[in-house]
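S.K.: I'd like to ask you about the structure that follows.
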Amino acid sequence: MSDKKVAVATNEAPAAIGPYSQAVQVGDMVFASGQVAIDPATGQLVPGGVTEQTVRVLENVKAVLAEAGLDLMHVVKTTVFLKSMGDFAAMNAVYESYLAPAGVVPPARSTVAVAGLPKDALVEIEVVAKEC
């Protein structure tokens, strides 16, 4: 596999709305930009709270990784941005079901509260994945 930087893009996740890529692959590593809960079919933030938004975020992440030939089990590091740490438990329950099911080594993670997110989202997640 080449060490050349290659953009990863899919219509199954929201398109980049600025000068960035959905993800960049370098060799066997994929660096995915943060995803918020935008439905790629409508371009709108999904209705509901942090639980529904976290599901959509992780489905978007899955789609980007799939375009690179990877899945969530290849994720080695995540960064979670929350509008409110009061949403941590609800986000974490969804996160665990996607990224740390029984028998799977969970990725390393940082979680921070932020003043705001694009489209006034409640959660944003970025990932780094490695082909094994």
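Lettering and numbering for the structure tokens are positional, with chains as A, B, ... in the shown order, residues counted from 1 in each chain, and ligands counted from 1 in the shown order.
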Give me every alpha helix (DSSP H) residue in segment 21-93 of chain A, going by DSSP on the backbone, as a ChimeraX atom specification.
M.R.: /A:50-67,88-93
S.K.: Between A:Ala121, A:Ala129, A:Ala13, A:Val55, single out the one closest to Phe81 of chain A, counting only C-alpha atoms.
M.R.: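 Of A:Ala121, A:Ala129, A:Ala13, A:Val55, the one nearest Phe81 of chain A, counting only C-alpha atoms, is A:Ala121.
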S.K.: Just give me the gap between atom CA of Leu45 of chain A and atom CA of Ala7 of chain A in Å, one decimal is fine.
M.R.: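 Between atom CA of Leu45 of chain A and atom CA of Ala7 of chain A the gap works out to 24.3 Å.
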S.K.: Restricting the calculation to only C-alpha atoms: of A:Ala41, A:Val112, A:Ala23, A:Ala66, which residue gets closest to Ser84 of chain A?
M.R.: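 Answer, going by the shortest atom-to-atom distance: A:Val112.
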S.K.: Looking at only C-alpha atoms, which of A:Gln22, A:Thr51, A:Asn60, A:Thr42 is the one that sits closest to Glu96 of chain A?
M.R.: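 For Glu96 of chain A, the nearest of the given residues is A:Thr51.
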S.K.: Taking only C-alpha atoms into account, name the residue in A:Gly34, A:Pro14, A:Gly116, A:Pro101 that is nearest to Leu82 of chain A.
M.R.: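 That would be A:Gly116, the residue with the smallest distance to Leu82 of chain A.
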S.K.: If you measure from atom CA of Arg109 of chain A to atom CA of Lys77 of chain A, what distance in Å do you get, rounded to one decimal?
M.R.: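 Atom CA of Arg109 of chain A sits 5.6 Å away from atom CA of Lys77 of chain A.
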S.K.: Tell me which protein, DNA and RNA residues are within 12 Å of Gly86 of chain A, counting only C-alpha atoms, leaving out same-chain ones fewer than 5 positions away, and put them as number ranges by chain.
M.R.: A: 49-50, 91-92, 112-113, 122-123
S.K.: Keeping only C-alpha atoms, write those residues as a CSV table (one decimal), in the first residue's frame.
M.R.:
chain,number,residue,atom,x,y,z
A,49,GLY,CA,-31.5,14.2,21.3
A,50,VAL,CA,-28.0,13.0,21.8
A,91,MET,CA,-23.7,9.2,24.1
A,92,ASN,CA,-21.5,6.5,25.8
A,112,VAL,CA,-14.3,17.0,25.6
A,113,ALA,CA,-17.1,19.5,26.1
A,122,LEU,CA,-25.0,17.9,20.3
A,123,VAL,CA,-22.2,15.5,19.4
S.K.: What's the separation between atom CA of Val64 of chain A and atom CA of Ser97 of chain A, in Å to one decimal place?
M.R.: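 Separation of atom CA of Val64 of chain A and atom CA of Ser97 of chain A: 18.4 Å.
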S.K.: A:Val26, A:Ile17, A:Val61, A:Ala115: which is nearest Lys5 of chain A, counting only C-alpha atoms?
M.R.: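 Answer, going by the shortest atom-to-atom distance: A:Val26.
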S.K.: Write out as an mmCIF file with N, CA and C atoms, in the first residue's frame which residues come within 7 Å of Ser21 of chain A when counting only C-alpha atoms, dropping same-chain ones fewer than 4 positions away.
M.R.:
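Result file out.cif:
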data_model
loop_
_atom_site.group_PDB
_atom_site.id
_atom_site.type_symbol
_atom_site.label_atom_id
_atom_site.label_comp_id
_atom_site.auth_asym_id
_atom_site.auth_seq_id
_atom_site.Cartn_x
_atom_site.Cartn_y
_atom_site.Cartn_z
ATOM 1 N N ALA A 7 -7.623 11.103 -0.716
ATOM 2 C CA ALA A 7 -8.916 11.503 -0.150
ATOM 3 C C ALA A 7 -9.891 10.332 -0.214
ATOM 4 N N VAL A 8 -10.686 10.205 0.828
ATOM 5 C CA VAL A 8 -11.751 9.208 0.883
ATOM 6 C C VAL A 8 -13.068 9.971 0.895
ATOM 7 N N ALA A 16 -18.287 16.951 2.576
ATOM 8 C CA ALA A 16 -17.511 17.996 3.243
ATOM 9 C C ALA A 16 -18.050 19.348 2.804
ATOM 10 N N SER A 33 -12.458 12.849 9.282
ATOM 11 C CA SER A 33 -12.898 14.123 9.843
ATOM 12 C C SER A 33 -14.072 13.885 10.781
#
S.K.: Neighbours of Lys119 of chain A within 9 Å (only C-alpha atoms; same-chain residues fewer than 6 positions away dropped), as number ranges by chain?
M.R.: A: 36, 38, 44-45
